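The file final_33.cif comes next; it holds mmCIF, C-alpha atoms and all ligand atoms.
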```cif
data_upload
loop_
_atom_site.label_atom_id
_atom_site.label_comp_id
_atom_site.auth_asym_id
_atom_site.auth_seq_id
_atom_site.Cartn_x
_atom_site.Cartn_y
_atom_site.Cartn_z
CA MET A 1350 -14.65 -40.07 -49.76
CA ILE A 1351 -14.01 -36.81 -47.94
CA GLY A 1352 -14.86 -33.99 -50.34
CA THR A 1353 -17.73 -35.94 -51.98
CA THR A 1354 -20.41 -33.47 -53.01
CA VAL A 1355 -24.06 -34.05 -53.90
CA ALA A 1356 -26.57 -31.57 -55.31
CA LEU A 1357 -30.30 -30.92 -55.66
CA ARG A 1358 -32.05 -28.36 -57.83
CA LEU A 1359 -35.73 -27.58 -57.58
CA ARG A 1360 -38.34 -24.89 -57.95
CA MET A 1361 -40.10 -23.52 -54.91
CA GLY A 1362 -43.86 -23.73 -55.39
CA ALA A 1363 -46.80 -21.84 -53.93
CA HIS A 1364 -47.13 -24.64 -51.33
CA ASP A 1365 -43.61 -23.79 -50.08
CA ALA A 1366 -44.54 -20.16 -49.43
CA HIS A 1367 -45.32 -19.88 -45.76
CA TYR A 1368 -45.19 -16.17 -45.05
CA ALA A 1369 -46.65 -13.00 -46.50
CA GLY A 1370 -45.35 -11.93 -49.89
CA ASP A 1371 -44.83 -15.56 -51.01
CA LEU A 1372 -41.78 -15.84 -48.76
CA VAL A 1373 -40.49 -19.39 -48.29
CA ASP A 1374 -39.84 -20.64 -44.77
CA GLY A 1375 -36.16 -21.14 -43.81
CA ALA A 1376 -37.13 -24.58 -42.57
CA ARG A 1377 -37.86 -25.52 -46.20
CA ILE A 1378 -34.20 -24.90 -47.05
CA LEU A 1379 -33.15 -27.03 -44.09
CA ALA A 1380 -35.36 -29.81 -45.45
CA LEU A 1381 -33.26 -29.68 -48.63
CA PHE A 1382 -30.10 -29.94 -46.54
CA GLY A 1383 -31.64 -32.95 -44.79
CA ASP A 1384 -32.28 -34.66 -48.13
CA LEU A 1385 -28.74 -33.94 -49.26
CA ALA A 1386 -27.33 -35.33 -46.02
CA THR A 1387 -29.41 -38.44 -46.54
CA GLU A 1388 -28.02 -38.91 -50.05
CA LEU A 1389 -24.45 -38.55 -48.79
CA LEU A 1390 -25.07 -41.10 -46.04
CA ILE A 1391 -26.65 -43.58 -48.44
CA ARG A 1392 -23.69 -43.21 -50.79
CA LEU A 1393 -21.20 -43.69 -47.98
CA ASP A 1394 -22.89 -46.15 -45.68
CA GLY A 1395 -25.85 -47.66 -47.52
CA ASP A 1396 -28.04 -46.26 -44.76
CA GLU A 1397 -30.12 -43.11 -44.38
CA GLY A 1398 -28.63 -42.35 -40.96
CA LEU A 1399 -29.86 -39.57 -38.71
CA PHE A 1400 -29.22 -35.85 -38.52
CA ARG A 1401 -27.69 -35.18 -35.11
CA ALA A 1402 -27.01 -31.43 -34.94
CA TYR A 1403 -26.32 -28.27 -36.83
CA GLU A 1404 -23.20 -26.42 -35.72
CA THR A 1405 -24.03 -23.30 -37.70
CA ILE A 1406 -26.96 -22.17 -39.85
CA GLU A 1407 -26.91 -18.81 -41.63
CA PHE A 1408 -29.54 -17.28 -43.88
CA PHE A 1409 -28.38 -14.61 -46.28
CA ALA A 1410 -31.23 -13.84 -48.71
CA PRO A 1411 -34.99 -14.44 -48.96
CA VAL A 1412 -36.44 -17.19 -51.15
CA PHE A 1413 -39.84 -16.73 -52.80
CA ALA A 1414 -42.33 -19.06 -54.43
CA GLY A 1415 -41.22 -19.45 -58.04
CA ASP A 1416 -37.46 -19.25 -57.27
CA PHE A 1417 -35.19 -22.04 -58.51
CA VAL A 1418 -32.84 -23.18 -55.77
CA GLU A 1419 -29.71 -25.26 -56.10
CA ALA A 1420 -28.40 -26.88 -52.91
CA THR A 1421 -25.19 -28.82 -52.28
CA ALA A 1422 -23.65 -30.84 -49.48
CA GLU A 1423 -19.99 -31.74 -49.11
CA LEU A 1424 -18.59 -34.41 -46.81
CA LEU A 1425 -16.04 -32.79 -44.52
CA SER A 1426 -14.98 -35.53 -42.15
CA VAL A 1427 -15.75 -39.07 -41.08
CA GLY A 1428 -15.58 -40.40 -37.53
CA ASN A 1429 -16.52 -43.82 -36.20
CA SER A 1430 -20.19 -43.10 -36.69
CA SER A 1431 -20.37 -39.34 -37.25
CA ARG A 1432 -20.22 -37.66 -40.65
CA LYS A 1433 -19.73 -33.92 -40.79
CA MET A 1434 -21.04 -31.98 -43.78
CA ARG A 1435 -21.12 -28.48 -45.19
CA PHE A 1436 -24.30 -27.25 -46.93
CA GLU A 1437 -25.02 -24.36 -49.24
CA ALA A 1438 -28.21 -23.24 -51.02
CA ARG A 1439 -28.12 -20.79 -53.93
CA LYS A 1440 -30.91 -19.10 -55.84
CA VAL A 1441 -30.29 -19.36 -59.60
CA ILE A 1442 -33.59 -18.13 -61.07
CA THR A 1443 -35.97 -15.72 -59.42
CA SER A 1444 -39.53 -14.69 -60.16
CA ALA A 1445 -39.54 -11.11 -61.42
CA ARG A 1446 -41.30 -8.86 -58.92
CA GLY A 1447 -42.49 -5.30 -58.90
CA GLY A 1448 -45.15 -4.63 -61.50
CA LEU A 1449 -44.08 -7.17 -64.16
CA ALA A 1450 -46.35 -9.95 -65.41
CA PRO A 1451 -46.80 -12.64 -62.72
CA SER A 1452 -45.19 -15.13 -65.10
CA ALA A 1453 -42.00 -13.03 -65.60
CA ALA A 1454 -38.78 -14.56 -64.25
CA ASP A 1455 -35.03 -13.85 -64.49
CA VAL A 1456 -31.94 -16.01 -64.61
CA LEU A 1457 -29.50 -14.55 -62.09
CA SER A 1458 -26.18 -13.75 -63.69
CA GLU A 1459 -24.47 -14.81 -60.43
CA PRO A 1460 -26.23 -17.33 -58.16
CA VAL A 1461 -27.24 -15.75 -54.85
CA VAL A 1462 -26.24 -17.71 -51.75
CA VAL A 1463 -29.36 -17.93 -49.59
CA ALA A 1464 -28.15 -20.18 -46.77
CA ARG A 1465 -25.11 -22.04 -45.46
CA ALA A 1466 -24.83 -24.60 -42.69
CA ILE A 1467 -22.49 -27.10 -41.09
CA GLY A 1468 -24.02 -30.18 -39.55
CA THR A 1469 -23.25 -33.67 -38.31
CA CYS A 1470 -25.11 -36.88 -39.03
CA VAL A 1471 -24.74 -40.27 -37.46
CA VAL A 1472 -24.82 -43.77 -38.86
CA PRO A 1473 -24.41 -46.31 -36.04
CA ARG A 1474 -21.58 -48.73 -36.79
CA ASP A 1475 -23.86 -51.75 -36.92
CA LEU A 1476 -25.92 -50.08 -39.66
CA GLN A 1477 -22.92 -49.15 -41.83
CA ARG A 1478 -23.07 -51.46 -44.82
CA ARG A 1479 -19.83 -50.57 -46.63
CA PRO A 1480 -16.20 -51.00 -45.69
CA ARG A 1481 -14.34 -47.79 -44.99
CA GLU A 1482 -12.16 -48.59 -47.98
CA LEU A 1483 -14.93 -47.47 -50.29
CA TYR A 1484 -14.88 -43.92 -49.09
CA MET A 1485 -11.27 -43.65 -47.99
CA PRO A 1486 -9.42 -45.41 -50.81
CA GLY A 1487 -6.05 -46.69 -49.77
CA LEU A 1488 -7.10 -47.24 -46.16
CA PRO A 1489 -7.47 -50.85 -45.12
CA ALA A 1490 -10.94 -51.73 -43.92
CA GLY A 1491 -10.88 -51.84 -40.16
CA PRO A 1492 -11.57 -49.75 -37.13
CA ALA A 1493 -12.00 -46.09 -37.91
CA PRO A 1494 -9.42 -43.63 -36.63
CA SER A 1495 -10.43 -41.97 -33.39
CA PRO A 1496 -12.91 -39.16 -34.06
CA GLN A 1497 -10.57 -36.61 -32.50
CA ALA A 1498 -7.96 -37.40 -35.11
CA ILE A 1499 -10.28 -36.58 -37.99
CA VAL A 1500 -10.69 -32.86 -38.21
CA THR A 1501 -12.63 -30.63 -40.48
CA PRO A 1502 -10.60 -28.54 -42.86
CA SER A 1503 -11.06 -24.96 -41.84
CA ASP A 1504 -14.10 -23.19 -43.26
CA GLU A 1505 -12.31 -19.88 -43.08
CA PRO A 1506 -10.77 -18.44 -46.24
CA ALA A 1507 -7.36 -20.02 -46.71
CA GLY A 1508 -5.46 -16.70 -46.42
CA ASP A 1509 -1.78 -16.15 -47.10
CA VAL A 1510 0.54 -18.94 -48.21
CA ILE A 1511 3.86 -19.51 -46.49
CA LEU A 1512 6.38 -20.38 -49.17
CA THR A 1513 9.50 -22.17 -48.00
CA ALA A 1514 12.56 -22.26 -50.22
CA ALA A 1515 14.76 -25.34 -49.82
CA ILE A 1516 17.82 -23.98 -51.54
CA VAL A 1517 20.72 -26.33 -50.77
CA GLY A 1518 19.80 -29.87 -49.68
CA ALA A 1519 22.17 -32.65 -48.74
CA GLU A 1520 21.96 -34.97 -51.72
CA LEU A 1521 22.57 -32.56 -54.60
CA THR A 1522 25.90 -32.11 -56.31
CA ARG A 1523 27.28 -29.44 -58.62
CA ALA A 1524 27.50 -32.17 -61.25
CA GLN A 1525 23.71 -32.42 -61.15
CA THR A 1526 23.12 -28.69 -61.23
CA PRO A 1527 25.59 -25.84 -61.47
CA TYR A 1528 23.01 -23.68 -59.59
CA LEU A 1529 23.69 -25.35 -56.24
CA PRO A 1530 24.82 -22.62 -53.81
CA VAL A 1531 27.73 -23.76 -51.65
CA THR A 1532 29.58 -20.88 -50.00
CA PRO A 1533 27.91 -18.65 -47.40
CA ALA A 1534 27.87 -15.79 -49.92
CA GLU A 1535 26.22 -17.95 -52.58
CA VAL A 1536 23.63 -19.25 -50.11
CA ALA A 1537 22.87 -15.71 -48.93
CA ASP A 1538 22.46 -14.43 -52.50
CA GLU A 1539 20.11 -17.29 -53.32
CA ALA A 1540 18.11 -16.74 -50.12
CA ALA A 1541 17.70 -13.06 -51.01
CA ARG A 1542 16.54 -13.96 -54.54
CA CYS A 1543 14.00 -16.38 -53.06
CA ARG A 1544 12.77 -13.74 -50.61
CA GLU A 1545 12.33 -11.38 -53.55
CA ALA A 1546 10.35 -14.10 -55.35
CA GLY A 1547 7.97 -14.64 -52.40
CA ALA A 1548 9.63 -16.99 -49.90
CA ALA A 1549 9.15 -16.38 -46.19
CA VAL A 1550 11.13 -19.36 -44.88
CA ILE A 1551 14.56 -20.57 -45.99
CA HIS A 1552 15.24 -24.24 -45.28
CA LEU A 1553 18.99 -24.64 -44.94
CA HIS A 1554 21.61 -27.32 -45.26
CA ALA A 1555 25.28 -26.45 -45.16
CA ARG A 1556 28.22 -27.41 -47.30
CA ASP A 1557 31.93 -26.94 -46.90
CA ASP A 1558 33.64 -25.05 -49.70
CA ASP A 1559 34.32 -28.35 -51.50
CA GLY A 1560 30.56 -29.08 -51.51
CA SER A 1561 30.61 -31.81 -48.86
CA ASN A 1562 27.83 -31.89 -46.27
CA THR A 1563 28.42 -30.46 -42.83
CA GLN A 1564 26.24 -29.78 -39.81
CA SER A 1565 29.01 -27.79 -38.12
CA SER A 1566 27.59 -25.03 -35.96
CA ASP A 1567 30.42 -22.72 -37.09
CA ARG A 1568 29.58 -23.22 -40.74
CA PHE A 1569 25.86 -22.74 -40.06
CA ALA A 1570 26.66 -19.57 -38.08
CA GLU A 1571 28.62 -18.21 -41.05
CA ILE A 1572 25.83 -19.07 -43.47
CA MET A 1573 23.03 -17.77 -41.28
CA ASP A 1574 24.85 -14.50 -40.58
CA ALA A 1575 25.41 -14.03 -44.31
CA VAL A 1576 21.74 -14.75 -45.06
CA ARG A 1577 20.51 -12.44 -42.29
CA ARG A 1578 22.57 -9.60 -43.73
CA LYS A 1579 20.68 -10.01 -47.01
CA CYS A 1580 17.13 -10.89 -46.03
CA ASP A 1581 14.65 -11.09 -43.18
CA CYS A 1582 13.31 -14.59 -43.85
CA ILE A 1583 12.69 -17.17 -41.15
CA LEU A 1584 15.73 -19.45 -41.17
CA GLN A 1585 15.03 -23.14 -40.75
CA PRO A 1586 18.19 -25.26 -40.59
CA SER A 1587 17.94 -28.98 -41.12
CA THR A 1588 18.43 -31.36 -38.23
CA GLY A 1589 18.09 -34.20 -40.74
CA GLY A 1590 21.45 -33.42 -42.27
CA ALA A 1591 22.61 -36.18 -44.60
CA VAL A 1592 21.86 -39.90 -44.30
CA GLY A 1593 24.29 -41.60 -41.92
CA MET A 1594 25.13 -38.59 -39.72
CA SER A 1595 25.00 -39.06 -35.96
CA LEU A 1596 22.32 -37.41 -33.88
CA ASP A 1597 24.78 -35.04 -32.20
CA GLU A 1598 26.21 -34.05 -35.55
CA ARG A 1599 22.73 -33.38 -36.92
CA ALA A 1600 21.94 -31.12 -33.95
CA GLY A 1601 24.91 -28.83 -34.79
CA PRO A 1602 22.91 -25.90 -36.25
CA LEU A 1603 20.80 -25.62 -33.09
CA ALA A 1604 23.77 -23.91 -31.43
CA CYS A 1605 22.91 -20.92 -33.70
CA ARG A 1606 19.51 -20.63 -32.00
CA PRO A 1607 17.43 -20.57 -35.19
CA GLU A 1608 13.76 -19.57 -35.19
CA MET A 1609 12.79 -22.94 -36.68
CA ALA A 1610 14.43 -26.31 -37.28
CA THR A 1611 13.24 -29.49 -38.92
CA LEU A 1612 12.26 -32.47 -36.79
CA ASN A 1613 12.04 -35.69 -38.79
CA CYS A 1614 9.25 -37.78 -37.31
CA GLY A 1615 10.23 -41.30 -38.32
CA SER A 1616 12.52 -43.58 -40.30
CA ILE A 1617 12.11 -44.40 -43.97
CA ASN A 1618 13.83 -46.01 -46.88
CA PHE A 1619 15.37 -42.97 -48.55
CA GLY A 1620 16.05 -44.10 -52.10
CA ASP A 1621 18.55 -46.93 -51.65
CA ASP A 1622 19.57 -45.64 -48.21
CA VAL A 1623 17.81 -45.73 -44.87
CA PHE A 1624 17.12 -42.42 -43.12
CA VAL A 1625 17.07 -43.42 -39.47
CA ASN A 1626 15.01 -41.50 -36.91
CA SER A 1627 14.36 -43.82 -34.01
CA ARG A 1628 11.68 -42.86 -31.52
CA PRO A 1629 14.19 -42.11 -28.75
CA ASP A 1630 16.31 -40.06 -31.16
CA ILE A 1631 13.28 -38.03 -32.29
CA ARG A 1632 12.62 -37.20 -28.65
CA ARG A 1633 16.26 -36.29 -28.01
CA LEU A 1634 16.25 -33.95 -31.01
CA ALA A 1635 12.89 -32.48 -29.98
CA ALA A 1636 14.41 -31.65 -26.58
CA LYS A 1637 17.42 -30.02 -28.21
CA ILE A 1638 15.18 -28.00 -30.54
CA ARG A 1639 13.15 -26.82 -27.57
CA ALA A 1640 16.29 -25.96 -25.59
CA ALA A 1641 17.47 -23.87 -28.55
CA GLY A 1642 14.18 -21.93 -28.47
CA ALA A 1643 13.28 -23.07 -31.99
CA MET A 1644 9.97 -24.18 -33.45
CA PRO A 1645 10.10 -27.66 -34.97
CA GLU A 1646 8.76 -28.20 -38.45
CA LEU A 1647 7.39 -31.73 -38.28
CA GLU A 1648 8.68 -33.59 -41.33
CA CYS A 1649 6.33 -36.45 -42.17
CA TYR A 1650 7.29 -38.87 -44.94
CA GLU A 1651 4.71 -41.47 -43.98
CA VAL A 1652 1.26 -41.56 -42.37
CA GLY A 1653 2.69 -42.99 -39.15
CA HIS A 1654 4.98 -39.98 -38.82
CA VAL A 1655 1.94 -37.73 -38.37
CA GLU A 1656 0.78 -40.00 -35.59
CA GLU A 1657 4.25 -39.82 -34.04
CA ALA A 1658 4.19 -36.03 -34.16
CA LEU A 1659 0.81 -36.03 -32.43
CA ALA A 1660 2.24 -38.39 -29.80
CA LEU A 1661 5.17 -36.00 -29.23
CA SER A 1662 2.68 -33.22 -28.70
CA ALA A 1663 0.56 -35.31 -26.33
CA GLU A 1664 3.69 -36.19 -24.32
CA GLY A 1665 4.62 -32.52 -24.12
CA ALA A 1666 7.88 -33.12 -26.04
CA ILE A 1667 6.95 -30.38 -28.50
CA SER A 1668 4.91 -27.25 -27.89
CA LEU A 1669 1.84 -25.92 -29.63
CA PRO A 1670 1.18 -24.65 -32.22
CA LEU A 1671 2.20 -27.48 -34.52
CA HIS A 1672 3.47 -27.10 -38.07
CA PHE A 1673 3.55 -30.19 -40.31
CA GLN A 1674 5.41 -30.70 -43.56
CA PHE A 1675 4.19 -33.62 -45.65
CA VAL A 1676 7.16 -34.77 -47.71
CA LEU A 1677 5.88 -36.75 -50.67
CA GLY A 1678 7.46 -38.89 -53.33
CA VAL A 1679 10.70 -39.95 -51.63
CA LYS A 1680 11.48 -43.35 -53.15
CA GLY A 1681 10.58 -45.87 -50.42
CA ALA A 1682 8.08 -43.62 -48.64
CA ILE A 1683 4.61 -42.20 -49.17
CA PRO A 1684 3.78 -41.42 -52.81
CA ALA A 1685 2.99 -37.98 -54.21
CA ARG A 1686 -0.72 -38.42 -54.90
CA GLU A 1687 -3.76 -36.22 -54.53
CA ASP A 1688 -5.60 -38.65 -52.28
CA VAL A 1689 -2.55 -38.85 -50.02
CA VAL A 1690 -2.59 -35.08 -49.46
CA ALA A 1691 -6.37 -35.09 -49.02
CA PHE A 1692 -6.03 -37.78 -46.37
CA LEU A 1693 -2.95 -36.46 -44.54
CA ARG A 1694 -4.50 -33.07 -44.00
CA THR A 1695 -7.43 -34.66 -42.21
CA LEU A 1696 -5.04 -36.06 -39.60
CA VAL A 1697 -3.66 -32.79 -38.30
CA PRO A 1698 -5.47 -30.77 -35.64
CA ARG A 1699 -7.56 -27.86 -36.84
CA GLU A 1700 -5.27 -25.33 -35.15
CA ALA A 1701 -2.12 -26.72 -36.78
CA THR A 1702 -0.57 -25.42 -39.98
CA TRP A 1703 0.64 -27.77 -42.70
CA GLY A 1704 2.51 -27.67 -45.94
CA VAL A 1705 3.63 -29.97 -48.72
CA ALA A 1706 7.05 -30.67 -50.17
CA ALA A 1707 7.33 -33.14 -53.03
CA VAL A 1708 10.21 -34.63 -54.89
CA GLY A 1709 11.11 -34.12 -58.56
CA ARG A 1710 8.31 -33.70 -61.07
CA TRP A 1711 5.76 -33.90 -58.28
CA GLN A 1712 6.91 -30.66 -56.70
CA GLN A 1713 4.75 -28.36 -58.79
CA PRO A 1714 1.46 -30.35 -58.87
CA MET A 1715 1.56 -31.37 -55.21
CA THR A 1716 2.47 -27.93 -53.84
CA GLU A 1717 -0.24 -26.37 -56.03
CA LEU A 1718 -2.73 -28.90 -54.70
CA ALA A 1719 -1.67 -28.07 -51.14
CA MET A 1720 -2.24 -24.38 -51.82
CA ARG A 1721 -5.70 -25.10 -53.21
CA LEU A 1722 -6.52 -27.11 -50.09
CA GLY A 1723 -5.48 -24.32 -47.74
CA GLY A 1724 -1.97 -25.57 -46.96
CA HIS A 1725 1.48 -24.07 -47.41
CA ALA A 1726 4.20 -25.05 -49.84
CA ARG A 1727 7.90 -25.78 -49.99
CA VAL A 1728 9.76 -25.58 -53.27
CA GLY A 1729 13.42 -25.37 -54.25
CA ILE A 1730 16.24 -27.35 -55.71
CA GLU A 1731 16.71 -29.52 -52.62
CA ASP A 1732 13.61 -31.38 -53.79
CA ASN A 1733 13.54 -30.69 -57.53
CA ILE A 1734 16.21 -29.23 -59.82
CA TYR A 1735 14.05 -28.83 -62.92
CA ALA A 1736 11.95 -25.91 -64.11
CA GLY A 1737 10.36 -28.10 -66.78
CA LYS A 1738 11.03 -31.36 -68.58
CA GLY A 1739 14.81 -31.57 -69.00
CA VAL A 1740 15.29 -27.86 -68.22
CA LEU A 1741 17.29 -27.05 -65.11
CA SER A 1742 15.88 -24.37 -62.84
CA GLU A 1743 18.39 -21.58 -62.40
CA GLY A 1744 18.43 -22.07 -58.65
CA SER A 1745 15.41 -22.11 -56.34
CA ALA A 1746 14.16 -18.56 -56.92
CA PRO A 1747 12.36 -19.35 -60.22
CA LEU A 1748 10.56 -22.22 -58.48
CA VAL A 1749 9.50 -19.87 -55.68
CA ALA A 1750 8.36 -17.27 -58.22
CA ARG A 1751 6.23 -19.88 -59.99
CA ALA A 1752 4.65 -21.00 -56.69
CA ALA A 1753 3.99 -17.37 -55.72
CA GLU A 1754 2.32 -16.71 -59.06
CA TYR A 1755 0.15 -19.77 -58.59
CA ALA A 1756 -0.82 -18.71 -55.07
CA ARG A 1757 -1.93 -15.31 -56.39
CA SER A 1758 -3.87 -16.94 -59.21
CA ILE A 1759 -6.05 -18.72 -56.63
CA GLY A 1760 -6.48 -15.63 -54.48
CA ARG A 1761 -3.79 -16.31 -51.88
CA GLU A 1762 -0.87 -13.94 -51.25
CA PRO A 1763 2.62 -15.25 -50.51
CA ALA A 1764 3.16 -14.27 -46.87
CA GLU A 1765 5.87 -11.79 -45.99
CA PRO A 1766 8.22 -13.21 -43.29
CA GLU A 1767 6.53 -11.20 -40.51
CA ARG A 1768 3.12 -12.48 -41.58
CA ALA A 1769 4.52 -16.02 -41.75
CA ARG A 1770 5.83 -15.64 -38.18
CA SER A 1771 2.35 -14.73 -37.07
CA LEU A 1772 0.68 -17.56 -39.04
CA LEU A 1773 3.10 -20.09 -37.56
CA GLY A 1774 2.69 -18.68 -34.06
CA LEU A 1775 6.41 -18.01 -33.83
CA GLY A 1776 5.90 -14.83 -31.84
CA ALA A 1777 3.88 -16.69 -29.23
CA ARG A 1778 6.61 -19.21 -28.34
N1 LIG B 1 18.75 -35.10 -46.32
C1 LIG B 1 17.72 -35.93 -45.81
C2 LIG B 1 18.24 -37.25 -45.41
C3 LIG B 1 15.67 -32.34 -43.22
O1 LIG B 1 16.21 -31.40 -43.79
O2 LIG B 1 15.32 -32.30 -42.05
C4 LIG B 1 17.04 -35.30 -44.64
C5 LIG B 1 16.45 -33.98 -44.89
C6 LIG B 1 15.40 -33.60 -43.95
O3 LIG B 1 16.79 -33.23 -45.77
ZN ZN B 2 16.37 -30.72 -45.91
#
```

Can you give me the file's structure in the form of structure tokens?
Amino acid sequence: MIGTTVALRLRMGAHDAHYAGDLVDGARILALFGDLATELLIRLDGDEGLFRAYETIEFFAPVFAGDFVEATAELLSVGNSSRKMRFEARKVITSARGGLAPSAADVLSEPVVVARAIGTCVVPRDLQRRPRELYMPGLPAGPAPSPQAIVTPSDEPAGDVILTAAIVGAELTRAQTPYLPVTPAEVADEAARCREAGAAVIHLHARDDDGSNTQSSDRFAEIMDAVRRKCDCILQPSTGGAVGMSLDERAGPLACRPEMATLNCGSINFGDDVFVNSRPDIRRLAAKIRAAGAMPELECYEVGHVEEALALSAEGAISLPLHFQFVLGVKGAIPAREDVVAFLRTLVPREATWGVAAVGRWQQPMTELAMRLGGHARVGIEDNIYAGKGVLSEGSAPLVARAAEYARSIGREPAEPERARSLLGLGAR
């Protein structure tokens, strides 16, 4: 499975020292990486395979005879026959040097990284002895996806997190939560509270004063003006609207020329309803979004929706860069599970950004997982009205604050709206 990690730990001996001063040859470390790669290939394919190429090799610190070295390899991606891996070697114990007894040695309080590498191995298809199912659970055995579609998660530090607040929704009622904002003033106040809590993007639906759903451009204009007077977030109106609305109706908010808008990339059972997004309709909406000068957020509720988004891009119906939202846990669509997120993120191009939205009790664990994996996160009462078991969240801002706190706890800052614009490539459009 992608993410599988194997490890080796051994002591460098006098026979490993190749240079003056008992210095161990860098090639010795690469031999460890080769052994690790072999173990990964045997585990995955029942075959030792072959090392094809290193993409990068970096040496950071010397290794001497007597040092204990720990080395790991992690499987990054799987193509038809290629398997890409990341390697790291760390020194954990070192022989004491400089006038101490030759037998003196120290445990390093922090392991010292001595080398890192990225490399690709190959196991020809006719030598692969296990069905793909074994290492990609949930996938039917069968032809592998095209190698281009499997991409390596970025090796760069994950950086800032774009938090989206989905503050209204189309399905919620005041009977379910009194914290549902309805009027333009209420929506603007809630957007400002979410901005304060760490949101950079506000995903918007619109309601008439009686709470009924509307995609009217006039109502969206009122709401968006009110929000803009209170905060500088990126506004992302829905073009999904509510189940059963016509395509033209759904396109209403595009008349307000928003920076972003959602583009739903396929049909699904949506609870007991059907949310219809035919392929021609997706293309018609994509054209309208482009004409409005907006960036589509590609809403994917199923694996095939990601493929559809990539097809739209290949056809030129949507422009680069791409931003995907994996929407998990809608009843009738893809479930909110760790392996689903781990798999979906491998399908999007390296240059694309992606985030996770998840329904109900899955919102917190799935968005936190996304943040750990380098993705972005959407929270808010559109997807989940609870702060905890049986406790209503007082609007979306507390959910944003909790996501922001989590992001910081793993070393990622919630992006300010300007930073989010740059991460999404909004300026470049
Ligand atoms: N209300 C859902 C049927 C979107 O905003 O684009 C569609 C939805 C997706 O909420
Ligand atoms: Zn929505």

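Taking only C-alpha atoms, the non-local environment of Leu1476 in chain A within 9 Å (same-chain residues fewer than 3 positions away omitted) comprises Asp1394, Gly1395, Asp1396, Gly1398, Val1472 and Pro1473 of chain A.
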
Near Arg1401 in chain A, counting all atoms listed in the file, which residues have an atom at most 10 Å away, once you skip same-chain residues fewer than 4 positions from it, shown as a JSON list (two decimals) with C-alpha atoms, in the coordinates of the input?
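Everything below was put into around31.json:
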```json
[["chain", "number", "residue", "atom", "x", "y", "z"],
["A", 1431, "SER", "CA", -20.37, -39.34, -37.25],
["A", 1432, "ARG", "CA", -20.22, -37.66, -40.65],
["A", 1433, "LYS", "CA", -19.73, -33.92, -40.79],
["A", 1468, "GLY", "CA", -24.02, -30.18, -39.55],
["A", 1469, "THR", "CA", -23.25, -33.67, -38.31],
["A", 1470, "CYS", "CA", -25.11, -36.88, -39.03],
["A", 1471, "VAL", "CA", -24.74, -40.27, -37.46],
["A", 1472, "VAL", "CA", -24.82, -43.77, -38.86]]
```

Counting all atoms listed in the file, what are the residues, protein, DNA or RNA alike, that approach ligand LIG 1 (chain B) to within 6 Å? I want them as a compact mmCIF listing (two decimals) with C-alpha atoms, in the frame of the given file.
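Below is the file that was written, out26.txt:
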```
# COMPACT_ATOMS: atom_id res chain seq x y z
CA GLY A 1518 19.80 -29.87 -49.68
CA ALA A 1519 22.17 -32.65 -48.74
CA SER A 1587 17.94 -28.98 -41.12
CA THR A 1588 18.43 -31.36 -38.23
CA GLY A 1589 18.09 -34.20 -40.74
CA GLY A 1590 21.45 -33.42 -42.27
CA ALA A 1591 22.61 -36.18 -44.60
CA VAL A 1592 21.86 -39.90 -44.30
CA THR A 1611 13.24 -29.49 -38.92
CA ASN A 1613 12.04 -35.69 -38.79
CA PHE A 1624 17.12 -42.42 -43.12
```

For this session: Could you pull out every residue with an atom within 8 Å of (3.5, -31.7, -42.9), file coordinates, counting all atoms listed in the file, and send them as an MDAnalysis selection string?
Result: chainID A and resid 1646:1649 1655 1672:1676 1703:1705

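The space between CA of Asn1733 in chain A and CA of Pro1670 in chain A spans 28.8 Å.
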
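Excluding Pro1766 in chain A itself and same-chain residues fewer than 4 positions from it, the residues having an atom within 8 Å of it are Ala1548, Ala1549, Val1550, Asp1581, Cys1582, Ile1583 and Arg1770 of chain A, counting only C-alpha atoms.
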